[in-house]
file target-v2.cif (mmCIF, C-alpha atoms)
data_upload
loop_
_atom_site.label_atom_id
_atom_site.label_comp_id
_atom_site.auth_asym_id
_atom_site.auth_seq_id
_atom_site.Cartn_x
_atom_site.Cartn_y
_atom_site.Cartn_z
CA MET A 1 112.51 112.34 147.06
CA SER A 2 114.14 115.58 145.88
CA ALA A 3 115.12 118.51 148.09
CA PHE A 4 112.56 120.62 146.21
CA HIS A 5 109.78 118.20 147.16
CA ASN A 6 110.97 118.13 150.77
CA ALA A 7 110.83 121.92 150.85
CA ILE A 8 107.14 122.00 149.96
CA LYS A 9 105.60 118.70 151.07
CA TYR A 10 104.62 120.00 154.53
CA CYS A 11 102.90 123.09 153.13
CA ALA A 12 99.20 122.72 153.98
CA GLU A 13 98.04 123.92 150.56
CA TYR A 14 100.35 121.53 148.77
CA GLU A 15 99.31 118.62 151.00
CA GLY A 16 95.69 119.35 150.15
CA ILE A 17 96.40 119.25 146.42
CA GLU A 18 98.40 116.02 146.58
CA ASN A 19 95.88 114.25 148.82
CA SER A 20 92.96 115.30 146.60
CA ILE A 21 94.70 113.86 143.53
CA LYS A 22 95.41 110.61 145.38
CA LYS A 23 91.71 110.34 146.28
CA GLY A 24 90.62 111.13 142.72
CA PHE A 25 88.96 114.44 143.54
CA LEU A 26 89.45 115.87 140.07
CA PRO A 27 89.58 118.22 138.27
CA GLN A 28 91.15 120.82 140.53
CA GLY A 29 91.80 124.49 139.96
CA ILE A 30 94.88 126.20 141.38
CA LEU A 31 95.27 129.98 141.22
CA GLY A 32 97.82 132.61 142.19
CA LEU A 33 101.10 130.87 141.34
CA SER A 34 104.08 132.52 139.66
CA PRO A 35 105.69 130.71 136.70
CA VAL A 36 108.46 129.32 138.93
CA GLY A 37 105.88 128.42 141.56
CA LYS A 38 103.95 126.43 138.97
CA ALA A 39 107.09 124.51 138.01
CA HIS A 40 107.82 123.81 141.69
CA ILE A 41 104.32 122.47 142.36
CA LEU A 42 104.30 120.40 139.17
CA SER A 43 107.70 118.83 139.79
CA ALA A 44 106.75 118.05 143.40
CA LEU A 45 103.46 116.40 142.37
CA VAL A 46 105.16 114.28 139.71
CA GLY A 47 107.76 113.15 142.23
CA GLY A 48 105.43 112.74 145.20
CA LEU A 49 102.76 110.82 143.28
CA GLU A 50 105.37 108.84 141.30
CA LYS A 51 103.55 109.60 138.08
CA LYS A 52 104.45 111.00 134.69
CA ALA A 53 102.69 114.12 133.47
CA LEU A 54 101.44 115.79 130.31
CA ILE A 55 101.21 119.57 130.65
CA VAL A 56 99.41 121.73 128.08
CA VAL A 57 100.21 125.45 127.89
CA PRO A 58 98.98 128.15 125.48
CA ASP A 59 101.98 128.35 123.13
CA ASP A 60 105.40 126.93 122.29
CA ALA A 61 107.30 129.80 123.91
CA SER A 62 105.58 129.06 127.22
CA ALA A 63 106.29 125.35 126.75
CA VAL A 64 110.02 125.91 126.24
CA LYS A 65 110.25 128.16 129.32
CA LEU A 66 108.33 125.70 131.48
CA CYS A 67 110.60 122.85 130.34
CA GLU A 68 113.61 124.92 131.42
CA ASP A 69 112.05 125.60 134.83
CA LEU A 70 111.10 121.96 135.36
CA THR A 71 114.61 120.85 134.42
CA SER A 72 116.02 123.24 137.03
CA PHE A 73 113.88 121.39 139.59
CA GLY A 74 115.52 118.11 138.58
CA LYS A 75 112.83 116.72 136.28
CA ASP A 76 113.40 115.19 132.85
CA ALA A 77 111.05 117.41 130.85
CA ILE A 78 110.71 117.38 127.07
CA HIS A 79 108.98 119.84 124.74
CA TYR A 80 106.39 118.54 122.25
CA PRO A 81 106.15 121.34 119.67
CA ALA A 82 103.45 122.26 117.20
CA ARG A 83 104.17 121.81 113.50
CA SER A 84 102.92 123.41 110.32
CA ILE A 85 100.42 121.44 108.26
CA SER A 86 100.98 121.73 104.52
CA PHE A 87 98.47 120.71 101.87
CA TYR A 88 100.61 122.03 99.01
CA THR A 89 103.14 119.98 97.07
CA THR A 90 106.69 121.08 97.85
CA ASP A 91 110.06 119.37 97.72
CA SER A 92 111.66 121.67 100.31
CA GLN A 93 109.50 120.88 103.33
CA SER A 94 111.32 120.91 106.68
CA TYR A 95 110.68 118.06 109.10
CA GLU A 96 112.54 119.61 112.05
CA TYR A 97 109.49 119.99 114.28
CA GLU A 98 108.07 116.63 113.26
CA GLN A 99 111.34 115.02 114.29
CA LYS A 100 111.22 116.76 117.67
CA ARG A 101 107.67 115.49 118.10
CA ILE A 102 108.71 111.95 117.17
CA LYS A 103 111.51 112.11 119.75
CA ALA A 104 109.03 113.14 122.45
CA LEU A 105 106.55 110.43 121.46
CA ARG A 106 109.26 107.75 121.43
CA ARG A 107 110.39 108.78 124.90
CA MET A 108 106.79 108.55 126.09
CA LEU A 109 106.48 105.05 124.65
CA ASP A 110 109.74 104.01 126.31
CA GLY A 111 108.93 105.70 129.63
CA LYS A 112 112.14 107.73 129.40
CA CYS A 113 110.86 111.14 130.50
CA ASP A 114 109.07 112.51 133.56
CA ILE A 115 107.09 115.32 131.97
CA VAL A 116 105.99 116.29 128.46
CA VAL A 117 105.03 119.91 127.84
CA ALA A 118 102.92 120.71 124.77
CA SER A 119 101.40 123.86 123.38
CA ALA A 120 97.64 123.86 122.87
CA GLU A 121 98.06 123.62 119.09
CA ALA A 122 100.52 120.72 119.40
CA ALA A 123 98.29 118.81 121.79
CA ILE A 124 95.24 118.81 119.51
CA SER A 125 97.07 118.15 116.22
CA TYR A 126 97.02 114.67 114.73
CA THR A 127 100.11 112.49 114.74
CA ILE A 128 101.26 108.93 114.13
CA PRO A 129 99.36 106.40 116.31
CA PRO A 130 101.34 104.67 119.12
CA GLU A 131 100.98 101.21 117.60
CA VAL A 132 102.27 102.43 114.23
CA LEU A 133 105.22 104.21 115.84
CA LYS A 134 106.12 100.97 117.63
CA GLN A 135 105.74 98.94 114.46
CA LYS A 136 107.94 101.23 112.39
CA SER A 137 110.72 101.46 115.00
CA VAL A 138 113.54 98.90 114.74
CA LEU A 139 116.02 98.21 117.54
CA LEU A 140 119.51 97.24 116.39
CA LYS A 141 121.80 95.42 118.84
CA LYS A 142 125.53 94.94 118.63
CA GLY A 143 126.47 91.31 117.94
CA ASP A 144 123.09 90.39 116.42
CA ASP A 145 122.70 89.29 112.80
CA TYR A 146 121.18 91.62 110.18
CA THR A 147 121.56 91.76 106.45
CA LEU A 148 122.57 95.08 104.93
CA GLU A 149 119.45 94.96 102.78
CA ASN A 150 117.21 94.60 105.83
CA ILE A 151 118.79 97.59 107.57
CA LEU A 152 118.49 99.80 104.48
CA THR A 153 114.88 98.68 104.02
CA ALA A 154 114.10 99.54 107.65
CA LEU A 155 115.54 103.03 107.13
CA THR A 156 113.58 103.55 103.91
CA VAL A 157 110.34 102.31 105.48
CA ALA A 158 110.92 104.70 108.40
CA GLY A 159 111.09 107.64 105.98
CA TYR A 160 114.83 108.34 105.96
CA THR A 161 116.46 110.04 102.97
CA ARG A 162 119.64 108.60 101.47
CA VAL A 163 122.50 111.12 101.17
CA ASP A 164 126.24 111.04 100.51
CA ALA A 165 127.10 112.18 104.05
CA VAL A 166 124.75 112.39 107.03
CA GLU A 167 124.34 115.95 108.27
CA GLY A 168 120.90 116.01 109.88
CA VAL A 169 118.10 113.99 111.44
CA GLY A 170 116.23 111.69 109.09
CA GLN A 171 119.20 111.01 106.79
CA TYR A 172 121.27 107.90 106.11
CA SER A 173 124.24 106.91 103.98
CA CYS A 174 125.80 103.60 103.04
CA ARG A 175 129.36 102.74 102.03
CA GLY A 176 130.01 99.05 101.68
CA GLY A 177 129.13 97.44 105.01
CA ILE A 178 129.11 100.79 106.85
CA VAL A 179 125.78 102.55 107.44
CA ASP A 180 125.39 106.00 109.01
CA PHE A 181 122.00 107.32 110.10
CA PHE A 182 120.57 110.01 112.37
CA SER A 183 117.46 108.98 114.30
CA PRO A 184 115.06 111.56 115.82
CA ASP A 185 115.29 109.47 118.98
CA ASP A 186 118.99 110.32 119.40
CA ASN A 187 121.17 113.39 119.89
CA GLU A 188 123.94 112.30 117.49
CA PRO A 189 124.10 110.18 114.34
CA VAL A 190 125.29 106.60 114.64
CA ARG A 191 127.67 104.56 112.52
CA ILE A 192 127.28 100.81 112.29
CA GLU A 193 129.61 98.32 110.65
CA LEU A 194 128.66 94.86 109.51
CA TRP A 195 131.05 91.94 109.45
CA GLY A 196 129.24 89.64 107.07
CA ASP A 197 125.72 89.63 108.47
CA THR A 198 126.78 90.44 112.04
CA LEU A 199 126.53 93.94 113.48
CA ASP A 200 130.15 94.19 114.58
CA THR A 201 130.59 97.78 115.82
CA MET A 202 128.23 100.63 116.60
CA CYS A 203 129.09 104.14 117.77
CA HIS A 204 128.00 107.75 117.65
CA PHE A 205 129.98 110.23 115.60
CA ASP A 206 130.34 114.00 115.27
CA VAL A 207 128.63 115.46 112.18
CA GLN A 208 131.29 118.11 111.57
CA SER A 209 134.47 116.07 112.05
CA GLN A 210 132.97 112.65 111.23
CA ARG A 211 135.03 111.32 114.16
CA ARG A 212 133.59 108.57 116.33
CA THR A 213 132.60 109.58 119.86
CA VAL A 214 130.86 107.02 122.09
CA SER A 215 130.37 103.30 121.44
CA VAL A 216 126.88 101.92 122.04
CA ASP A 217 125.42 98.44 122.30
CA GLU A 218 122.03 99.21 120.77
CA ILE A 219 120.34 101.92 118.75
CA LEU A 220 116.78 102.54 117.63
CA ILE A 221 115.72 103.35 114.08
CA ALA A 222 112.69 105.56 114.79
CA PRO A 223 110.49 107.02 112.02
CA SER A 224 111.88 110.30 110.72
CA LYS A 225 108.47 111.90 110.19
CA GLU A 226 104.89 111.54 111.38
CA ILE A 227 103.41 110.48 108.05
CA VAL A 228 105.39 107.56 106.67
CA ILE A 229 104.30 106.03 103.37
CA ASP A 230 105.88 102.59 103.39
CA GLU A 231 103.29 100.89 101.16
CA PRO A 232 102.75 103.30 98.23
CA GLU A 233 100.73 100.71 96.30
CA LYS A 234 98.01 100.74 98.95
CA LEU A 235 97.93 104.52 99.05
CA ILE A 236 97.75 104.66 95.25
CA GLU A 237 94.72 102.38 95.33
CA LYS A 238 93.02 104.58 97.95
CA ILE A 239 93.73 107.75 95.98
CA GLU A 240 92.38 106.13 92.80
CA ASN A 241 89.17 105.25 94.67
CA ILE A 242 88.86 108.85 95.86
CA ALA A 243 89.46 110.17 92.33
CA SER A 244 86.81 107.89 90.84
CA SER A 245 84.22 109.19 93.29
CA ILE A 246 84.85 112.91 92.65
CA ARG A 247 81.90 114.82 91.18
CA GLY A 248 81.07 118.48 90.67
CA LYS A 249 82.39 121.53 88.81
CA LYS A 250 85.95 121.19 90.16
CA ALA A 251 86.13 117.46 89.54
CA ASP A 252 88.61 117.76 86.65
CA VAL A 253 91.01 119.97 88.62
CA ILE A 254 90.86 117.76 91.71
CA LYS A 255 91.39 114.58 89.70
CA GLU A 256 94.35 116.14 87.91
CA LYS A 257 96.05 116.87 91.23
CA LEU A 258 95.22 113.44 92.64
CA TYR A 259 96.65 111.67 89.59
CA ALA A 260 99.75 113.89 89.81
CA ASP A 261 100.30 112.49 93.31
CA ILE A 262 99.72 108.98 92.00
CA ASP A 263 102.37 109.55 89.32
CA ARG A 264 104.86 110.73 91.97
CA LEU A 265 104.24 107.65 94.05
CA LYS A 266 104.58 105.33 91.05
CA SER A 267 107.87 107.04 90.15
CA GLY A 268 109.22 106.40 93.64
CA LEU A 269 109.13 110.09 94.60
CA LYS A 270 108.00 111.37 97.98
CA LEU A 271 104.82 113.35 98.37
CA GLY A 272 105.40 116.92 99.44
CA SER A 273 101.74 117.14 100.43
CA ALA A 274 101.36 113.97 102.48
CA ASP A 275 99.51 115.84 105.27
CA LYS A 276 96.28 115.81 103.28
CA TYR A 277 96.39 112.00 103.13
CA LEU A 278 96.95 111.46 106.87
CA PRO A 279 93.41 110.10 107.55
CA VAL A 280 93.80 107.79 104.55
CA ILE A 281 97.20 106.39 105.54
CA TYR A 282 96.18 105.50 109.11
CA SER A 283 93.72 106.41 111.83
CA PRO A 284 95.09 109.64 113.32
CA ALA A 285 95.99 109.95 116.98
CA THR A 286 97.01 112.79 119.30
CA ILE A 287 99.54 113.00 122.12
CA PHE A 288 96.75 112.06 124.53
CA ASP A 289 96.82 108.54 123.06
CA TYR A 290 100.40 108.29 124.36
CA ALA A 291 99.54 109.59 127.83
CA LYS A 292 97.03 107.03 129.04
CA ASP A 293 98.34 106.79 132.63
CA TYR A 294 99.68 110.33 132.92
CA LEU A 295 98.69 113.18 135.20
CA PHE A 296 97.21 115.94 133.05
CA PHE A 297 97.68 119.64 133.75
CA ALA A 298 96.36 122.60 131.75
CA LEU A 299 97.96 125.97 132.55
CA GLU A 300 96.18 129.23 131.75
CA THR A 301 93.04 127.54 130.46
CA GLY A 302 91.55 130.77 129.14
CA ASN A 303 94.55 131.40 126.93
CA ILE A 304 94.54 127.74 125.85
CA LYS A 305 90.95 128.09 124.63
CA GLU A 306 91.84 131.22 122.69
CA ARG A 307 94.87 129.54 121.07
CA VAL A 308 92.87 126.46 120.11
CA ALA A 309 90.11 128.59 118.59
CA SER A 310 92.66 130.70 116.70
CA SER A 311 94.61 127.73 115.32
CA GLN A 312 91.42 125.94 114.28
CA LYS A 313 90.18 129.07 112.51
CA LEU A 314 93.43 129.37 110.54
CA LEU A 315 93.35 125.68 109.66
CA LEU A 316 89.77 125.91 108.41
CA GLU A 317 90.69 128.92 106.28
CA ASP A 318 93.58 126.95 104.76
CA ILE A 319 91.28 124.01 104.08
CA LYS A 320 88.66 126.27 102.50
CA ALA A 321 91.29 127.84 100.23
CA CYS A 322 92.60 124.41 99.22
CA VAL A 323 89.07 123.18 98.44
CA GLU A 324 88.48 126.24 96.25
CA GLU A 325 91.75 125.57 94.42
CA GLY A 326 90.88 121.90 93.98
CA ILE A 327 93.76 120.71 96.19
CA LEU A 328 91.38 119.14 98.74
CA CYS A 329 88.01 117.55 98.19
#

call {"tool": "encode", "arguments": {"input": "target-v2.cif", "output": "structure tokens"}}
result
Amino acid sequence: MSAFHNAIKYCAEYEGIENSIKKGFLPQGILGLSPVGKAHILSALVGGLEKKALIVVPDDASAVKLCEDLTSFGKDAIHYPARSISFYTTDSQSYEYEQKRIKALRRMLDGKCDIVVASAEAAISYTIPPEVLKQKSVLLKKGDDYTLENILTALTVAGYTRVDAVEGVGQYSCRGGIVDFFSPDDNEPVRIELWGDTLDTMCHFDVQSQRRTVSVDEILIAPSKEIVIDEPEKLIEKIENIASSIRGKKADVIKEKLYADIDRLKSGLKLGSADKYLPVIYSPATIFDYAKDYLFFALETGNIKERVASSQKLLLEDIKACVEEGILC
């Protein structure tokens, strides 16, 4: 039990909150706390009840600040950010926020964090389902046998991009029996060396100097983005079925765009507009599907409602514009 929990556990108000949660008297409303006071209560409850927690706040700025406060109280808190949804084809899309989300989701699956803090928009947005994230994550262990082809296939299936030299998350490179890759689940890229089909050495390295830092015994290849197309043939078939069913005055425009995506997939190119196919690729999930046995806290519920309504309104406007342009159907 932390010193921060000891400092508050005999407070009558706090005891009432903790005992009510233990007895299942939920939901509860707590008013009048300062931001630091909220972090103190939350960290104490997580420690005292020996539970993990999902906390939803109005926006990402509030989430980052709360994570900092919770960390100062000794809790392992991670931020689950919102990300932009793009229905337009682009080759310059950034996956930075998706990769941060993947890192948070992986840590939830592995039980490696105490608290996850999400903005309202992040919490309600669709993401990769837990079972798919597990399936597409591959654990490599030093001394085990792997073929180079299998490792490169695992990286490709997980959505990594091959480059000459790894500089950022979601990239990999290969030189002979040496493979470098940067997983969203890690803070540094890793370099592995095969001796025949045996994983002989494995260590982190610095991106700038390319010098090795810390040796490790195992590393996880986690998906580099939330929408991973590892079976393009199946997606092509689904898109063709959608195209064949299109009717109406914009049918020709919509079909043209759908078949353009099909051509990209057949050419081995990545879709810059994969977001619009999320419900087709797999059944969408939210962060709540990862937090089945978590305590749930919502801070500033009025502001959360406003943020959700605002983000949904903007999304609907984007969808309406895309339908009018024939991008969505």

call {"tool": "closest_atom_pairs", "arguments": {"input": "target-v2.cif", "of": "stretch 45-160 of chain A", "to": "stretch 304-309 of chain A", "cutoff": "9 Å", "atoms": "all atoms listed in the file", "output": "CSV"}}
result
residue,atom,partner,partner_atom,distance
A:Val56,CA,A:Ile304,CA,8.1
A:Val57,CA,A:Ile304,CA,6.4
A:Pro58,CA,A:Ile304,CA,4.5
A:Asp59,CA,A:Arg307,CA,7.5
A:Ser119,CA,A:Ile304,CA,8.3
A:Ala120,CA,A:Ile304,CA,5.8
A:Glu121,CA,A:Val308,CA,6.0
A:Ile124,CA,A:Val308,CA,8.0

call {"tool": "residues_around", "arguments": {"input": "target-v2.cif", "residues": "A:Phe297", "least_positions_apart": "2", "cutoff": "10 Å", "atoms": "only C-alpha atoms", "output": "count of residues only"}}
result
15

call {"tool": "resolve_selection", "arguments": {"input": "target-v2.cif", "expression": "the PyMOL selection byres ((chain A and resi 109-115) around 6)", "output": "PDB file with C-alpha atoms, in the coordinates of the input"}}
result
ATOM      1  CA  LYS A  52     104.450 111.000 134.690  1.00  0.00           C
ATOM      2  CA  ALA A  53     102.690 114.120 133.470  1.00  0.00           C
ATOM      3  CA  LEU A  54     101.440 115.790 130.310  1.00  0.00           C
ATOM      4  CA  ASP A  76     113.400 115.190 132.850  1.00  0.00           C
ATOM      5  CA  ALA A  77     111.050 117.410 130.850  1.00  0.00           C
ATOM      6  CA  ARG A 106     109.260 107.750 121.430  1.00  0.00           C
ATOM      7  CA  ARG A 107     110.390 108.780 124.900  1.00  0.00           C
ATOM      8  CA  MET A 108     106.790 108.550 126.090  1.00  0.00           C
ATOM      9  CA  VAL A 116     105.990 116.290 128.460  1.00  0.00           C
TER      10      VAL A 116
END

call {"tool": "resolve_selection", "arguments": {"input": "target-v2.cif", "expression": "the PyMOL selection byres ((chain A and resi 131) around 12)", "output": "number ranges by chain"}}
result
A: 105-106, 109, 127-130, 132-137, 282-285, 289-290

call {"tool": "closest_residue", "arguments": {"input": "target-v2.cif", "among": "A:Glu50, A:Glu324, A:Glu218, A:Glu237", "to": "A:Ile254", "atoms": "all atoms listed in the file"}}
result
A:Glu324

call {"tool": "atom_distance", "arguments": {"input": "target-v2.cif", "atom1": "atom CA of A:Ala3", "atom2": "atom CA of A:Ile21"}}
result
21.4 Å

call {"tool": "resolve_selection", "arguments": {"input": "target-v2.cif", "expression": "the PyMOL selection byres ((chain A and resi 274) around 12)", "output": "PyMOL selection string"}}
result
chain A and resi 85-91+93+225-229+232+235+239+258+261-262+264-265+269-273+275-282+327-328

call {"tool": "atom_distance", "arguments": {"input": "target-v2.cif", "atom1": "atom CA of A:Val157", "atom2": "atom CA of A:Asp230"}}
result
4.9 Å

call {"tool": "residues_near_point", "arguments": {"input": "target-v2.cif", "point": "(112.5, 117.1, 111.7)", "cutoff": "10 Å", "atoms": "all atoms listed in the file", "output": "ChimeraX atom specification"}}
result
/A:83,93-103,168-170,183-184,224-226

call {"tool": "closest_residue", "arguments": {"input": "target-v2.cif", "among": "A:Pro81, A:Pro223, A:Gly143, A:Pro189", "to": "A:Asp206", "atoms": "all atoms listed in the file"}}
result
A:Pro189

call {"tool": "atom_distance", "arguments": {"input": "target-v2.cif", "atom1": "atom CA of A:Gly248", "atom2": "atom CA of A:Asp318"}}
result
20.7 Å

call {"tool": "closest_residue", "arguments": {"input": "target-v2.cif", "among": "A:Ala243, A:Ala12, A:Cys203, A:Val323", "to": "A:Lys255", "atoms": "only C-alpha atoms"}}
result
A:Ala243

call {"tool": "closest_residue", "arguments": {"input": "target-v2.cif", "among": "A:Lys65, A:Arg175, A:Lys320, A:Lys142", "to": "A:Asp197", "atoms": "all atoms listed in the file"}}
result
A:Lys142

call {"tool": "closest_residue", "arguments": {"input": "target-v2.cif", "among": "A:Ile242, A:Ile319, A:Ala44, A:Ala165", "to": "A:Val207", "atoms": "all atoms listed in the file"}}
result
A:Ala165

call {"tool": "closest_residue", "arguments": {"input": "target-v2.cif", "among": "A:Ala122, A:Phe4, A:Leu139, A:Val214", "to": "A:Phe73", "atoms": "only C-alpha atoms"}}
result
A:Phe4

call {"tool": "residues_near_point", "arguments": {"input": "target-v2.cif", "point": "(118.1, 105.8, 107.9)", "cutoff": "6 Å", "atoms": "all atoms listed in the file", "output": "PDB file with C-alpha atoms, in the frame of the given file"}}
result
ATOM      1  CA  LEU A 155     115.540 103.030 107.130  1.00  0.00           C
ATOM      2  CA  TYR A 160     114.830 108.340 105.960  1.00  0.00           C
ATOM      3  CA  GLN A 171     119.200 111.010 106.790  1.00  0.00           C
ATOM      4  CA  TYR A 172     121.270 107.900 106.110  1.00  0.00           C
ATOM      5  CA  PHE A 181     122.000 107.320 110.100  1.00  0.00           C
TER       6      PHE A 181
END
